[in-house]
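Visitor: The structure's right below; bear with me while I get my questions together.
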Amino acid sequence: MKSVVQLKDEVVAPADGYRDATVDSGARRVITVAVAGNPNAGKSTLINAIAGSRLHVGNWPGVTVEKKEASFEHQGTRIRLVDLPGTYSLSPYTQEEIIARDYLVQERPDLILNVVDSTNLERNLYLTVQILELGIPVVMALNMSDEAQEKGYRLDVKGIEEMLGVVAVPTAATRKSGLDQLLEAVVATAAAPKLRRPKKLNYGYDIETAAELLARELALESAPLLERFPERWLVLKIMERDEHVLRQVNFGDEALLERALHHLRSEHGDDVESLMAEARYGLASGLTREVLRKPELKKTELTEKIDRVVLNRFLGIPIFLGAMWLMFKLTFDLSKPFGDWINDMTGGPFKHWASILLGAIGAPDWTVSLATEGVISGVGFVLVFVPVIFLMMFFITFLEGSGYMARAAFVMDRAMHAIGLHGKSFIPMLLGFGCNVPGIYATRTLENPRDKALTALLIPLMSCGARLPVYVVFTGAFFPRSSGTVIWSLYVMGIALAIVMGLIFKKTLFRGEAPMFIMELPPYRMPSLHSLCVHTWEKGKHFLIKAGTYIFAVSVLVWFLLNLPWGVENRKDSYLGQAGQVMAPALAPLGFGTWQAASSLITGVIAKEIVVGTMGEIYAPKKEEAKQEFKPFGEEVKEVAVSFGKACRESVSNVVSTFGITSLDTQEKEERSALKGMVLKTFTPLTAYAFMAFVLLYMPCMVVAFAMRQEFNGWKWFGVAFAYQTVLAWGMACLIYQGGTLLGLGG
Amino acid sequence: MTNLSMLKPGDRALISNIGTKGALRRRLMDMGVLVGEEIRVEKVAPLGDPIDIKIKSYHLSLRKTEAEEIGVEVVQ
Ligand SMILES: Nc1nc2c(ncn2[C@@H]2O[C@H](COP(=O)(O)OP(=O)(O)OP(=O)(O)O)[C@@H](O)[C@H]2O)c(=O)[nH]1
Ligand SMILES: [Mg+2]
């Protein structure tokens, strides 16, 4: 399935003021621009800057893995910008390369916008040379011009334009500079495509002779092929014996190829593919020498200084672990007071107001219960975790944007390699901590299907944001003083089990050699606050939408399951309770064989954060208790505001306490939560821990299931994940409970 | 013959041959690892693998097993 995201339709006000109603009617022009370039050259950033879209950006190679699209209006013309995955080449070896080149060859965009990292000209031009083979008009954005300038590079833009036959515009996407000229060049080029054909570059006498020969023969024998594909590209690919192309065009005329390549082979040896790569790089290097002047004196760059510490033999790993710890610690400490605040608000004033409102319009009692117990509690329980999740996403966005992600892959590769993974697998896994779903999608950055499947199988063991609610409630109730440490231990448990499972899978399902690790380390960059916020929001939005829509629907459904058959008195006899009772015995050896726990776990299959929501409803105090003393409306509104201010203060003081100063204020507050109180009655610290471990490990949620199905074209790998996780969850929880009891930790 | 995996941080070398075939070879070439290219070993990861080299003025990291395929001549 191709995913083309329609982003914000921004009408860019035309400079000359020309725009009237007639332009929009009927024959409106559409220009399709494919944005191609090396990974991390700033393609997505550039598109976002031009079109006002919010494509995912990060400072590591391989952020964009599918083609995405943003379109906007410019002087009465609709411009579609298609963001292609970054590639170093148009060879057929990685999925991204294939996506990118299939798009360029088959969809025939009007124009290719080649985004080039000016600080890395030679390697970027190697791709440009290949793009020019397609014969489609090209506009070049010499991006990162700010960094190039800082390094003292001097670029001869005219020279590039003349030698390649394209229009080149220096840009700095992050500073929005050069965008107008770029857009102008795009429109002008699209308007006169015939005049702007890029130059045909000369690959050297022997290659060109062979290419001509082959082209002539092809024209005679398989003319229709030349209509479907750009001629030069097709000829060169056939010479390279590009398997993907050979299969696609159904080219099997070995004798013809043999004839064409005969001379070339006898002169240069059999490896035509390498020969071509050398020829292309030769052109790229030659061009670079011509147009780029670097300063004589090179100063040590900031990136190298930072790397001396961060990648240091002895400090590298402690720094990495420390950074992870700090990230989690800050996430929890900063967000907790806000979570508590939302909890108090939805539990108190909001429910109260809703019941008054419904009472006033004369709604029946059960609707009041549905609204307060079902809807408001359900959504409230999810909203409580918005602060945590957004903060976590914020830090992950920062790690991505700064360039540390790639370093993490570098530092961790040896360890990942030991369990049959790739250092780059680390990145999807790290994303998995936020939410497993983007983690699963990010496995696309892995070239090898084996790597990809193994990584995706292990990602569900990374404790995602949705599992946090469960931990927060339980640690808040049972381990108030050390909740940070207990939660951390669960994350570590997930990681440790991923290692064990990785080793097992490596020996069973994934035998065979581990694939290569060849990765660029980008320079460090300071992400701007604006882009941090935008991308945090984009990530967090997934959660919010989930919370807003179907988690909401499920909350209502759960309310019905809890209140049906009609008039059921005891929740135990409701449909959900009955299902829970059936399952409970299976959970007894784990220490939480209650129907309440079982019912919550059943609903958690839909999304793990629902476990808490369901518990909230199961344990919800009966109506009489709920009707506590209510204050007048005005006073309640005031309280909402005052307690928010208090939450802000607490959040700050929590961070301070991270660095040694403790505040006592928070503890007192926890006792107030009704759910925590109820949980305290039915669990012990030991069973609570076993339960948390179970929630961590048992089957991935529905959304992950669909993501896996989509990524692997079928249910196979999800099936494997489902099976092993169920066994693992049961086994671990059993071990914790039984082992703990033996050690005398029960009770 | 010396190969890339034997070098220490700070060593400079010229690539003299690439001993592998297929996807790995192509990938290396696409990243600019070509015969005759000058490289410098920048760092070795804390756990001993992979290594970080500078080539065509950018940083590239690769594993020792891959580096073994790259024959080099050390330059002083
Ligand atoms: N200094 C500077 N940084 C830039 C510029 N353009 C992009 N960046 C940064 O470069 C990094 C990569 O940007 P992306 O837009 O994610 O790159 P991409 O080309 O889409 O990368 P892939 O999706 O991996 O192919 C981000 O950290 C950007 O903030 C620029 O003109 N100047
Ligand atoms: Mg991108």
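Each chain in the structure tokens gets a letter, A, B and so on, in the order shown; residues start at 1 in every chain, and ligands are counted from 1 in the order they appear.
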Near His422 of chain A, counting only C-alpha atoms, which residues have an atom at most 7 Å away, once you skip same-chain residues fewer than 3 positions from it, shown as a list in words?
Guide: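 The residues that qualify are Asp413, Met416, His417, Ser425, Asp451 and Phe517 of chain A.
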Visitor: Go ahead and write the residues just picked, all heavy atoms, as a PDB file, in the first residue's frame.
Guide:
```
ATOM      1  N   ASP A 413      26.244  -0.745  18.173  1.00  0.00           N
ATOM      2  CA  ASP A 413      26.217  -1.778  17.132  1.00  0.00           C
ATOM      3  C   ASP A 413      26.833  -3.093  17.571  1.00  0.00           C
ATOM      4  O   ASP A 413      26.290  -4.161  17.302  1.00  0.00           O
ATOM      5  CB  ASP A 413      26.914  -1.308  15.855  1.00  0.00           C
ATOM      6  CG  ASP A 413      26.856  -2.382  14.782  1.00  0.00           C
ATOM      7  OD1 ASP A 413      25.733  -2.677  14.336  1.00  0.00           O
ATOM      8  OD2 ASP A 413      27.901  -2.954  14.424  1.00  0.00           O
ATOM      9  N   MET A 416      24.355  -4.844  19.619  1.00  0.00           N
ATOM     10  CA  MET A 416      23.207  -5.263  18.815  1.00  0.00           C
ATOM     11  C   MET A 416      23.606  -6.409  17.886  1.00  0.00           C
ATOM     12  O   MET A 416      22.837  -7.332  17.649  1.00  0.00           O
ATOM     13  CB  MET A 416      22.706  -4.101  17.950  1.00  0.00           C
ATOM     14  CG  MET A 416      22.286  -2.873  18.699  1.00  0.00           C
ATOM     15  SD  MET A 416      20.942  -3.171  19.816  1.00  0.00           S
ATOM     16  CE  MET A 416      19.568  -2.973  18.730  1.00  0.00           C
ATOM     17  N   HIS A 417      24.802  -6.303  17.393  1.00  0.00           N
ATOM     18  CA  HIS A 417      25.314  -7.312  16.481  1.00  0.00           C
ATOM     19  C   HIS A 417      25.359  -8.668  17.173  1.00  0.00           C
ATOM     20  O   HIS A 417      25.078  -9.703  16.568  1.00  0.00           O
ATOM     21  CB  HIS A 417      26.713  -6.889  16.022  1.00  0.00           C
ATOM     22  CG  HIS A 417      27.213  -7.662  14.866  1.00  0.00           C
ATOM     23  ND1 HIS A 417      26.425  -7.958  13.775  1.00  0.00           N
ATOM     24  CD2 HIS A 417      28.429  -8.207  14.608  1.00  0.00           C
ATOM     25  CE1 HIS A 417      27.137  -8.655  12.915  1.00  0.00           C
ATOM     26  NE2 HIS A 417      28.355  -8.828  13.394  1.00  0.00           N
ATOM     27  N   SER A 425      19.206  -0.937  13.985  1.00  0.00           N
ATOM     28  CA  SER A 425      17.984  -1.457  14.601  1.00  0.00           C
ATOM     29  C   SER A 425      17.717  -0.711  15.887  1.00  0.00           C
ATOM     30  O   SER A 425      16.604  -0.691  16.401  1.00  0.00           O
ATOM     31  CB  SER A 425      18.115  -2.925  14.986  1.00  0.00           C
ATOM     32  OG  SER A 425      18.547  -3.676  13.914  1.00  0.00           O
ATOM     33  N   ASP A 451      16.954  -8.560   9.003  1.00  0.00           N
ATOM     34  CA  ASP A 451      17.120  -7.548  10.037  1.00  0.00           C
ATOM     35  C   ASP A 451      15.817  -6.914  10.407  1.00  0.00           C
ATOM     36  O   ASP A 451      15.517  -6.651  11.555  1.00  0.00           O
ATOM     37  CB  ASP A 451      17.927  -6.386   9.445  1.00  0.00           C
ATOM     38  CG  ASP A 451      19.380  -6.503   9.769  1.00  0.00           C
ATOM     39  OD1 ASP A 451      19.708  -7.397  10.545  1.00  0.00           O
ATOM     40  OD2 ASP A 451      20.157  -5.716   9.230  1.00  0.00           O
ATOM     41  N   PHE A 517      26.856  -3.184   7.918  1.00  0.00           N
ATOM     42  CA  PHE A 517      26.626  -1.960   8.682  1.00  0.00           C
ATOM     43  C   PHE A 517      27.454  -0.861   8.044  1.00  0.00           C
ATOM     44  O   PHE A 517      28.643  -0.751   8.280  1.00  0.00           O
ATOM     45  CB  PHE A 517      27.078  -2.174  10.123  1.00  0.00           C
ATOM     46  CG  PHE A 517      26.964  -0.960  10.999  1.00  0.00           C
ATOM     47  CD1 PHE A 517      25.805  -0.711  11.699  1.00  0.00           C
ATOM     48  CD2 PHE A 517      28.014  -0.073  11.136  1.00  0.00           C
ATOM     49  CE1 PHE A 517      25.699   0.414  12.508  1.00  0.00           C
ATOM     50  CE2 PHE A 517      27.913   1.057  11.940  1.00  0.00           C
ATOM     51  CZ  PHE A 517      26.748   1.295  12.636  1.00  0.00           C
TER      52      PHE A 517
END
```
Visitor: How would you write, as an MDAnalysis selection string, the set of residues no farther than 7 Å from ligand 1 when counting only C-alpha atoms and all ligand atoms?
Guide: chainID A and resid 37:46 56:65 85:87 143:147 171:175 401:402 525 527
Visitor: Pick from A:Glu208, A:Glu96, A:Glu240, A:Glu609: nearest to Leu275 of chain A, with only C-alpha atoms counted?
Guide: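 Selected residue with least distance to Leu275 of chain A: A:Glu240.
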Visitor: Write out as a PyMOL selection string every residue belonging to chain B that has an atom at most 9 Å from any atom of chain A, counting only C-alpha atoms.
Guide: chain B and resi 23-32+34-35+43-52+56-63+65-66
Visitor: Run DSSP on the backbone and grab whatever in chain B lands in strand (DSSP E or B); send it over as an NGL selection string.
Guide: :B and (3 or 12-18 or 38-44 or 51-55 or 58-62 or 70-75)
Visitor: Would you kindly return, as a PyMOL selection string, each protein, DNA or RNA residue with an atom no farther than 12 Å from any atom of Ile15 of chain B, considering only C-alpha atoms and excluding same-chain residues fewer than 5 positions away?
Guide: chain B and resi 1-4+28-29+32-40+55+67-75
Visitor: If you run DSSP over the backbone, which residues in chain B end up helix (DSSP H, G or I)? Put them as a VMD selection string.
Guide: chain B and resid 4 to 6 22 to 30 64 to 67
Visitor: Save the residues we just selected, C-alpha atoms, as an mmCIF file, in the first residue's frame?
Guide:
```cif
data_model
loop_
_atom_site.group_PDB
_atom_site.id
_atom_site.type_symbol
_atom_site.label_atom_id
_atom_site.label_comp_id
_atom_site.auth_asym_id
_atom_site.auth_seq_id
_atom_site.Cartn_x
_atom_site.Cartn_y
_atom_site.Cartn_z
ATOM 1 C CA LEU B 4 41.276 -1.322 6.788
ATOM 2 C CA SER B 5 40.351 -3.251 9.914
ATOM 3 C CA MET B 6 44.004 -3.361 10.989
ATOM 4 C CA GLY B 22 27.702 -7.984 -5.021
ATOM 5 C CA ALA B 23 25.590 -5.754 -2.821
ATOM 6 C CA LEU B 24 28.317 -4.969 -0.315
ATOM 7 C CA ARG B 25 30.739 -3.890 -3.015
ATOM 8 C CA ARG B 26 28.147 -1.767 -4.691
ATOM 9 C CA ARG B 27 27.115 -0.184 -1.447
ATOM 10 C CA LEU B 28 30.685 0.676 -0.551
ATOM 11 C CA MET B 29 31.249 2.180 -3.966
ATOM 12 C CA ASP B 30 28.039 4.187 -3.760
ATOM 13 C CA LYS B 64 35.417 -4.631 11.006
ATOM 14 C CA THR B 65 34.176 -7.554 8.950
ATOM 15 C CA GLU B 66 33.389 -5.116 6.160
ATOM 16 C CA ALA B 67 36.620 -3.219 6.690
#
```
Visitor: Neighbours of Gly10 of chain B within 7 Å (only C-alpha atoms; same-chain residues fewer than 2 positions away dropped), as a count of residues only?
Guide: 5
Visitor: Please indicate the distance in Å from atom CA of Val245 of chain A to atom CA of Ala215 of chain A, rounded to one decimal place.
Guide: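 Separation of atom CA of Val245 of chain A and atom CA of Ala215 of chain A: 15.4 Å.
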Visitor: For Tyr441 of chain A, please output as a VMD selection string all residues within 10 Å (counting only C-alpha atoms; exclusion window: fewer than 4 positions along the same chain).
Guide: chain A and resid 65 to 66 428 431 to 432 436 to 437 445 452 456 704 707 to 708 710 to 711
Visitor: Show me, as a tab-separated table, the residues of segment 471-558 of chain A having an atom within 12 Å of segment 336-355 of chain A, each with the closest atom pair and its distance in Å, using only C-alpha atoms.
Guide:
```
residue	atom	partner	partner_atom	distance
A:Val472	CA	A:Lys336	CA	8.8
A:Val473	CA	A:Asp340	CA	10.4
A:Gly476	CA	A:Lys336	CA	10.3
A:Ser483	CA	A:Lys336	CA	11.1
A:Gly484	CA	A:Lys336	CA	10.8
```
